[in-house]
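Input: a single structure, listed below in structure tokens.
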Amino acid sequence: MGGRDTDIVLLDENGIRCDGRKVNETRKVTIKAGVLKNANGSAYIEFGDNKILVGVYGPRDVHPKHMSDTDTGILRCRYHMAPFSVGERKNPAPSRREVEISKVIKEALEPAVMLKEFPRTAVDVFMEVLQADGGTRCAALTGASVALADAGIPMRDLVAGCAAGKAADAVILDVNNEEDQAGQADLPIGYMPNLKKITLLQLDGVLTPEEYKQCIEIGIDGCNQVYEIQKKALQDKFFASGEKQ
Ligand code: ADP
């Protein structure tokens with residue numbers, strides 16, 4: 001954020017963004033559920049040029065045991081960027097940023113997962129970012145919801161993620177890496193479309209109250225679009241023959 005790269009035209013005179021999108025358009029999202037045979041549930045998501053693999057284990061015994069809760073299951077999330085996921089090699093050790101993103105994704109998923117149904121156990125969600133291009137927390141959250149559902153974990157709703165933001169003085173949907181670096185604001189949203197509840201909301205940058213409202217509106221619209229793709233991925237996995245939809 002903060003206009004580091006001034007050479008990029010973020011929005012041309014026709015209102016077209018640096019990657020050819022309109023202001024209210026998301027990148028192409030594709031999701032495949034059940035891609036890893038050794039995990040209980042899994043998903044692979046491409047969100048524009050972001051590529052993320054998610055593996056879910058559990059509910060399973062908690063080690064160390066003192067971390068378990070007799071009243072409820074616990075959710076543990078690890079968001080990790082592969083060293084080759086960004087232009088300059090990333091140190092594979094967890095950074096402060098990865099610890100933060102793991103935490104916000106855990107808190108964004110918790111309202112959706114019916115953890116009380118399996119006390120004393122843990123559900124582990126591992127998100128591996130293979131390629132990053134802005135908006136990885138929303139993409140990882142989206143993929144994690146599908147992987148949890150693929151694992152058969154009881155859920156109240158899926159959580160769909162999509163960011164809104166501001167670049168070249170315009171409110172935009174689904175902020176890419178260039179827009180994140182050279183733009184004015186990034187507002188990632190996690191949303192449960194069926195329950196109409198926001199479970200993740202962060203803001204990096206500055207927005208007026210009116211722009212903030214617009215960001216929430218188009219961000220929720222983006223999440224609703226992502227939700228349809230999540231449901232399709234699960235239908236494709238569980239009704240692969242196509243006879244039941
Ligand atoms: P998000 O990926 O959720 O938008 P950030 O706003 O923190 O999270 O990061 C924006 C983008 O910056 C990432 O998607 C990635 O493309 C890039 N990025 C993050 N960490 C690094 C890093 N260590 N090296 C290079 N690029 C990075």
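So you can find residues: chains in the structure tokens are A, B, ... in the order shown, residues in each start at 1, and ligands are numbered from 1 in order.
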
If you count only C-alpha atoms and all ligand atoms, which residues end up within 7 Å of ligand 1, as a short mmCIF file (atom, residue, chain, number, x, y, z; two decimals) with C-alpha atoms, in the first residue's frame?
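File pocket.cif, as written:
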data_model
loop_
_atom_site.label_atom_id
_atom_site.label_comp_id
_atom_site.auth_asym_id
_atom_site.auth_seq_id
_atom_site.Cartn_x
_atom_site.Cartn_y
_atom_site.Cartn_z
CA VAL A 86 6.68 -15.12 -4.54
CA GLY A 87 9.24 -13.43 -6.81
CA GLU A 88 12.05 -13.35 -4.28
CA LYS A 90 10.59 -16.55 0.86
CA ARG A 97 2.49 -12.23 8.59
CA ALA A 132 0.83 -15.66 -4.47
CA ASP A 133 -0.62 -12.69 -6.31
CA GLY A 134 -2.53 -10.61 -3.76
CA GLY A 135 -5.57 -11.77 -1.82
CA THR A 136 -4.12 -15.05 -0.60
CA ARG A 137 -5.90 -14.90 2.78
CA CYS A 138 -9.30 -14.73 1.06
CA ASN A 177 -0.88 -7.85 -6.09
CA ASP A 180 -2.30 -4.06 -3.30
#

Open item on the list: Need to verify the contact set: stretch 34-36 of chain A, 12 Å, only C-alpha atoms, exclusion of same-chain residues closer than 3 positions in sequence. Can you return it as an MDAnalysis selection string?
Closed with: chainID A and resid 31 39:45 52:57 143:144 146:152 233:238 240

Restricting the output to N, CA and C atoms, write the selected residues as a JSON list (two decimals), in the first residue's frame.
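Below you can see part-v2.json, which holds the result:
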[["chain", "number", "residue", "atom", "x", "y", "z"],
["A", 31, "ILE", "N", -12.00, -24.12, -8.31],
["A", 31, "ILE", "CA", -11.78, -24.92, -7.09],
["A", 31, "ILE", "C", -12.02, -26.38, -7.41],
["A", 39, "ALA", "N", -5.15, -36.92, 3.04],
["A", 39, "ALA", "CA", -5.81, -36.02, 4.00],
["A", 39, "ALA", "C", -7.28, -36.44, 4.10],
["A", 40, "ASN", "N", -7.95, -36.07, 5.21],
["A", 40, "ASN", "CA", -9.37, -36.40, 5.34],
["A", 40, "ASN", "C", -10.23, -35.55, 4.41],
["A", 41, "GLY", "N", -9.75, -34.35, 4.13],
["A", 41, "GLY", "CA", -10.44, -33.48, 3.19],
["A", 41, "GLY", "C", -9.42, -32.56, 2.56],
["A", 42, "SER", "N", -9.69, -32.13, 1.33],
["A", 42, "SER", "CA", -8.70, -31.27, 0.67],
["A", 42, "SER", "C", -9.35, -30.44, -0.43],
["A", 43, "ALA", "N", -8.63, -29.43, -0.85],
["A", 43, "ALA", "CA", -9.10, -28.61, -1.97],
["A", 43, "ALA", "C", -7.90, -27.90, -2.60],
["A", 44, "TYR", "N", -8.02, -27.66, -3.89],
["A", 44, "TYR", "CA", -7.03, -26.85, -4.61],
["A", 44, "TYR", "C", -7.79, -25.67, -5.20],
["A", 45, "ILE", "N", -7.28, -24.48, -4.96],
["A", 45, "ILE", "CA", -7.97, -23.30, -5.46],
["A", 45, "ILE", "C", -7.02, -22.42, -6.27],
["A", 52, "ILE", "N", -3.37, -22.30, -4.34],
["A", 52, "ILE", "CA", -3.29, -22.72, -2.93],
["A", 52, "ILE", "C", -3.86, -24.13, -2.77],
["A", 53, "LEU", "N", -3.14, -24.93, -1.99],
["A", 53, "LEU", "CA", -3.55, -26.30, -1.71],
["A", 53, "LEU", "C", -3.91, -26.36, -0.23],
["A", 54, "VAL", "N", -5.05, -27.01, 0.08],
["A", 54, "VAL", "CA", -5.48, -27.11, 1.48],
["A", 54, "VAL", "C", -5.71, -28.58, 1.85],
["A", 55, "GLY", "N", -5.15, -28.99, 2.97],
["A", 55, "GLY", "CA", -5.40, -30.33, 3.50],
["A", 55, "GLY", "C", -6.01, -30.23, 4.89],
["A", 56, "VAL", "N", -7.04, -31.04, 5.15],
["A", 56, "VAL", "CA", -7.71, -31.04, 6.45],
["A", 56, "VAL", "C", -7.60, -32.42, 7.09],
["A", 57, "TYR", "N", -7.27, -32.44, 8.38],
["A", 57, "TYR", "CA", -7.24, -33.69, 9.14],
["A", 57, "TYR", "C", -8.18, -33.56, 10.33],
["A", 143, "GLY", "N", -10.70, -21.82, 0.04],
["A", 143, "GLY", "CA", -10.30, -23.20, -0.19],
["A", 143, "GLY", "C", -10.44, -24.04, 1.08],
["A", 144, "ALA", "N", -10.13, -23.45, 2.23],
["A", 144, "ALA", "CA", -10.21, -24.17, 3.50],
["A", 144, "ALA", "C", -11.65, -24.59, 3.81],
["A", 146, "VAL", "N", -13.97, -25.33, 1.67],
["A", 146, "VAL", "CA", -14.31, -26.45, 0.78],
["A", 146, "VAL", "C", -13.63, -27.72, 1.30],
["A", 147, "ALA", "N", -12.38, -27.60, 1.74],
["A", 147, "ALA", "CA", -11.65, -28.77, 2.25],
["A", 147, "ALA", "C", -12.31, -29.31, 3.52],
["A", 148, "LEU", "N", -12.81, -28.42, 4.39],
["A", 148, "LEU", "CA", -13.51, -28.85, 5.61],
["A", 148, "LEU", "C", -14.79, -29.60, 5.25],
["A", 149, "ALA", "N", -15.52, -29.06, 4.31],
["A", 149, "ALA", "CA", -16.75, -29.73, 3.86],
["A", 149, "ALA", "C", -16.41, -31.06, 3.20],
["A", 150, "ASP", "N", -15.33, -31.09, 2.45],
["A", 150, "ASP", "CA", -14.88, -32.33, 1.80],
["A", 150, "ASP", "C", -14.53, -33.39, 2.84],
["A", 151, "ALA", "N", -14.02, -32.95, 4.00],
["A", 151, "ALA", "CA", -13.67, -33.89, 5.08],
["A", 151, "ALA", "C", -14.91, -34.37, 5.83],
["A", 152, "GLY", "N", -16.07, -33.83, 5.49],
["A", 152, "GLY", "CA", -17.31, -34.24, 6.14],
["A", 152, "GLY", "C", -17.51, -33.63, 7.52],
["A", 233, "ALA", "N", -17.83, -26.95, -6.70],
["A", 233, "ALA", "CA", -16.69, -27.84, -6.49],
["A", 233, "ALA", "C", -17.10, -29.05, -5.65],
["A", 234, "LEU", "N", -17.95, -28.81, -4.64],
["A", 234, "LEU", "CA", -18.41, -29.91, -3.78],
["A", 234, "LEU", "C", -19.40, -30.81, -4.53],
["A", 235, "GLN", "N", -20.25, -30.20, -5.32],
["A", 235, "GLN", "CA", -21.17, -31.00, -6.14],
["A", 235, "GLN", "C", -20.40, -31.88, -7.11],
["A", 236, "ASP", "N", -19.39, -31.30, -7.74],
["A", 236, "ASP", "CA", -18.58, -32.07, -8.70],
["A", 236, "ASP", "C", -17.89, -33.25, -8.02],
["A", 237, "LYS", "N", -17.47, -33.05, -6.76],
["A", 237, "LYS", "CA", -16.80, -34.13, -6.05],
["A", 237, "LYS", "C", -17.79, -35.22, -5.63],
["A", 238, "PHE", "N", -18.91, -34.80, -5.06],
["A", 238, "PHE", "CA", -19.80, -35.80, -4.46],
["A", 238, "PHE", "C", -20.85, -36.34, -5.42],
["A", 240, "ALA", "N", -20.18, -36.80, -8.84],
["A", 240, "ALA", "CA", -19.31, -36.76, -10.02],
["A", 240, "ALA", "C", -19.98, -37.28, -11.27]]

Can you pull out the residues contacting A:Arg78? Cut-off 9 Å, using only C-alpha atoms, and skip same-chain residues under 2 positions away; I want them as a CSV table (one decimal) with N, CA and C atoms, in the first residue's frame.
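Heads up, here's the output in result37.csv:
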chain,number,residue,atom,x,y,z
A,76,ARG,N,-7.4,-25.8,14.4
A,76,ARG,CA,-6.1,-25.3,14.3
A,76,ARG,C,-5.8,-25.0,12.8
A,80,HIS,N,0.7,-21.1,5.2
A,80,HIS,CA,2.1,-21.1,4.9
A,80,HIS,C,2.4,-20.8,3.4
A,98,GLU,N,2.5,-14.7,8.4
A,98,GLU,CA,1.8,-16.0,8.3
A,98,GLU,C,1.1,-16.4,9.6
A,99,VAL,N,1.7,-16.0,10.7
A,99,VAL,CA,1.1,-16.3,12.0
A,99,VAL,C,-0.2,-15.5,12.1
A,101,ILE,N,-2.1,-14.3,9.6
A,101,ILE,CA,-3.1,-14.8,8.6
A,101,ILE,C,-3.7,-16.2,9.1
A,102,SER,N,-2.8,-17.0,9.7
A,102,SER,CA,-3.3,-18.3,10.3
A,102,SER,C,-4.4,-18.0,11.3
A,103,LYS,N,-4.1,-17.0,12.1
A,103,LYS,CA,-5.0,-16.6,13.2
A,103,LYS,C,-6.4,-16.1,12.7
A,105,ILE,N,-7.7,-16.5,9.8
A,105,ILE,CA,-8.5,-17.5,9.0
A,105,ILE,C,-9.1,-18.5,10.0
A,106,LYS,N,-8.4,-18.9,11.1
A,106,LYS,CA,-9.0,-19.7,12.1
A,106,LYS,C,-10.3,-19.0,12.7
A,124,ASP,N,-7.5,-30.0,12.0
A,124,ASP,CA,-6.3,-29.2,11.6
A,124,ASP,C,-6.5,-28.9,10.1
A,125,VAL,N,-6.2,-27.6,9.8
A,125,VAL,CA,-6.3,-27.1,8.4
A,125,VAL,C,-5.0,-26.6,8.0
A,126,PHE,N,-4.4,-27.2,7.0
A,126,PHE,CA,-3.1,-26.7,6.5
A,126,PHE,C,-3.3,-26.1,5.1
A,127,MET,N,-2.9,-24.8,5.0
A,127,MET,CA,-3.0,-24.1,3.7
A,127,MET,C,-1.6,-23.8,3.2
A,128,GLU,N,-1.3,-24.3,2.0
A,128,GLU,CA,0.0,-24.1,1.4
A,128,GLU,C,-0.2,-23.2,0.2

- [ ] Between A:Gly15, A:Pro154, A:Gly183, A:Pro92, single out the one closest to A:Ala168, counting only C-alpha atoms.
- [x]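 Between A:Gly15, A:Pro154, A:Gly183, A:Pro92, the residue approaching A:Ala168 most closely is A:Gly183.
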
Per residue of stretch 47-112 of chain A within 9 Å of stretch 200-209 of chain A, record the nearest atom pair and its distance in Å to one decimal, counting only C-alpha atoms, with rows in chain order and ascending residue number, as a tab-separated table.
residue	atom	partner	partner_atom	distance
A:Val104	CA	A:Leu200	CA	7.0
A:Ile105	CA	A:Leu200	CA	7.6
A:Glu107	CA	A:Leu200	CA	7.6
A:Ala108	CA	A:Leu200	CA	5.2
A:Leu109	CA	A:Leu200	CA	8.8

Any chance you can output those residues with all heavy atoms as a PDB file, in the first residue's frame?
ATOM      1  N   VAL A 104      -6.297 -15.154  11.724  1.00  0.00           N
ATOM      2  CA  VAL A 104      -7.551 -14.555  11.244  1.00  0.00           C
ATOM      3  C   VAL A 104      -8.372 -15.578  10.458  1.00  0.00           C
ATOM      4  O   VAL A 104      -9.603 -15.553  10.507  1.00  0.00           O
ATOM      5  CB  VAL A 104      -7.344 -13.236  10.446  1.00  0.00           C
ATOM      6  CG1 VAL A 104      -6.755 -12.152  11.309  1.00  0.00           C
ATOM      7  CG2 VAL A 104      -6.544 -13.431   9.171  1.00  0.00           C
ATOM      8  N   ILE A 105      -7.698 -16.499   9.765  1.00  0.00           N
ATOM      9  CA  ILE A 105      -8.452 -17.531   9.037  1.00  0.00           C
ATOM     10  C   ILE A 105      -9.126 -18.482  10.036  1.00  0.00           C
ATOM     11  O   ILE A 105     -10.287 -18.852   9.873  1.00  0.00           O
ATOM     12  CB  ILE A 105      -7.552 -18.284   8.030  1.00  0.00           C
ATOM     13  CG1 ILE A 105      -7.173 -17.349   6.884  1.00  0.00           C
ATOM     14  CG2 ILE A 105      -8.249 -19.540   7.508  1.00  0.00           C
ATOM     15  CD1 ILE A 105      -6.275 -17.960   5.826  1.00  0.00           C
ATOM     16  N   GLU A 107     -10.172 -17.742  13.012  1.00  0.00           N
ATOM     17  CA  GLU A 107     -11.312 -17.031  13.591  1.00  0.00           C
ATOM     18  C   GLU A 107     -12.437 -16.840  12.575  1.00  0.00           C
ATOM     19  O   GLU A 107     -13.604 -16.751  12.938  1.00  0.00           O
ATOM     20  CB  GLU A 107     -10.839 -15.691  14.158  1.00  0.00           C
ATOM     21  CG  GLU A 107     -10.002 -15.912  15.409  1.00  0.00           C
ATOM     22  CD  GLU A 107      -9.295 -14.677  15.920  1.00  0.00           C
ATOM     23  OE1 GLU A 107      -9.428 -13.595  15.309  1.00  0.00           O
ATOM     24  OE2 GLU A 107      -8.587 -14.793  16.944  1.00  0.00           O
ATOM     25  N   ALA A 108     -12.068 -16.793  11.288  1.00  0.00           N
ATOM     26  CA  ALA A 108     -13.091 -16.649  10.239  1.00  0.00           C
ATOM     27  C   ALA A 108     -13.829 -17.964  10.000  1.00  0.00           C
ATOM     28  O   ALA A 108     -14.988 -17.960   9.595  1.00  0.00           O
ATOM     29  CB  ALA A 108     -12.439 -16.166   8.947  1.00  0.00           C
ATOM     30  N   LEU A 109     -13.162 -19.089  10.247  1.00  0.00           N
ATOM     31  CA  LEU A 109     -13.791 -20.399  10.014  1.00  0.00           C
ATOM     32  C   LEU A 109     -14.591 -20.877  11.222  1.00  0.00           C
ATOM     33  O   LEU A 109     -15.581 -21.602  11.065  1.00  0.00           O
ATOM     34  CB  LEU A 109     -12.717 -21.441   9.684  1.00  0.00           C
ATOM     35  CG  LEU A 109     -12.056 -21.332   8.308  1.00  0.00           C
ATOM     36  CD1 LEU A 109     -10.852 -22.263   8.236  1.00  0.00           C
ATOM     37  CD2 LEU A 109     -13.050 -21.674   7.190  1.00  0.00           C
TER      38      LEU A 109
END

Go through stretch 161-217 of chain A and flag each residue having an atom no more than 12 Å from stretch 6-10 of chain A; for those, report the closest pair of atoms plus their distance in Å to one decimal, using only C-alpha atoms, ordered by chain and rising number, as a Markdown table.
| residue | atom | partner | partner_atom | distance |
| --- | --- | --- | --- | --- |
| A:Lys166 | CA | A:Leu10 | CA | 10.2 |
| A:Ala167 | CA | A:Leu10 | CA | 6.7 |
| A:Ala168 | CA | A:Leu10 | CA | 6.1 |
| A:Asp169 | CA | A:Leu10 | CA | 9.7 |
| A:Ala170 | CA | A:Leu10 | CA | 9.6 |
| A:Val171 | CA | A:Leu10 | CA | 11.7 |
| A:Ile172 | CA | A:Leu10 | CA | 10.5 |
| A:Val175 | CA | A:Leu10 | CA | 10.8 |
| A:Asn176 | CA | A:Leu10 | CA | 10.4 |
| A:Asn177 | CA | A:Leu10 | CA | 11.1 |
| A:Glu178 | CA | A:Ile8 | CA | 7.9 |
| A:Glu179 | CA | A:Leu10 | CA | 6.7 |
| A:Asp180 | CA | A:Leu10 | CA | 10.3 |
| A:Gln181 | CA | A:Thr6 | CA | 9.9 |
| A:Ala182 | CA | A:Thr6 | CA | 6.9 |
| A:Gly183 | CA | A:Leu10 | CA | 7.7 |
| A:Gln184 | CA | A:Leu10 | CA | 10.8 |

- [ ] Taking the chain letters and numbering used in this document, name the residues of stretch 56-191 of chain A that DSSP puts in strand (DSSP E), as a count of residues only.
- [x] 44

Task: Between atom CA of A:Leu187 and atom CA of A:Gly165 - distance in Å to one decimal - done: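 Between atom CA of A:Gly165 and atom CA of A:Leu187 the gap works out to 5.3 Å.
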
- [ ] Take atom CA of A:Ile189 and atom CA of A:Cys77 and report the distance between them in Å, one decimal.
- [x]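 It comes out at 17.7 Å.
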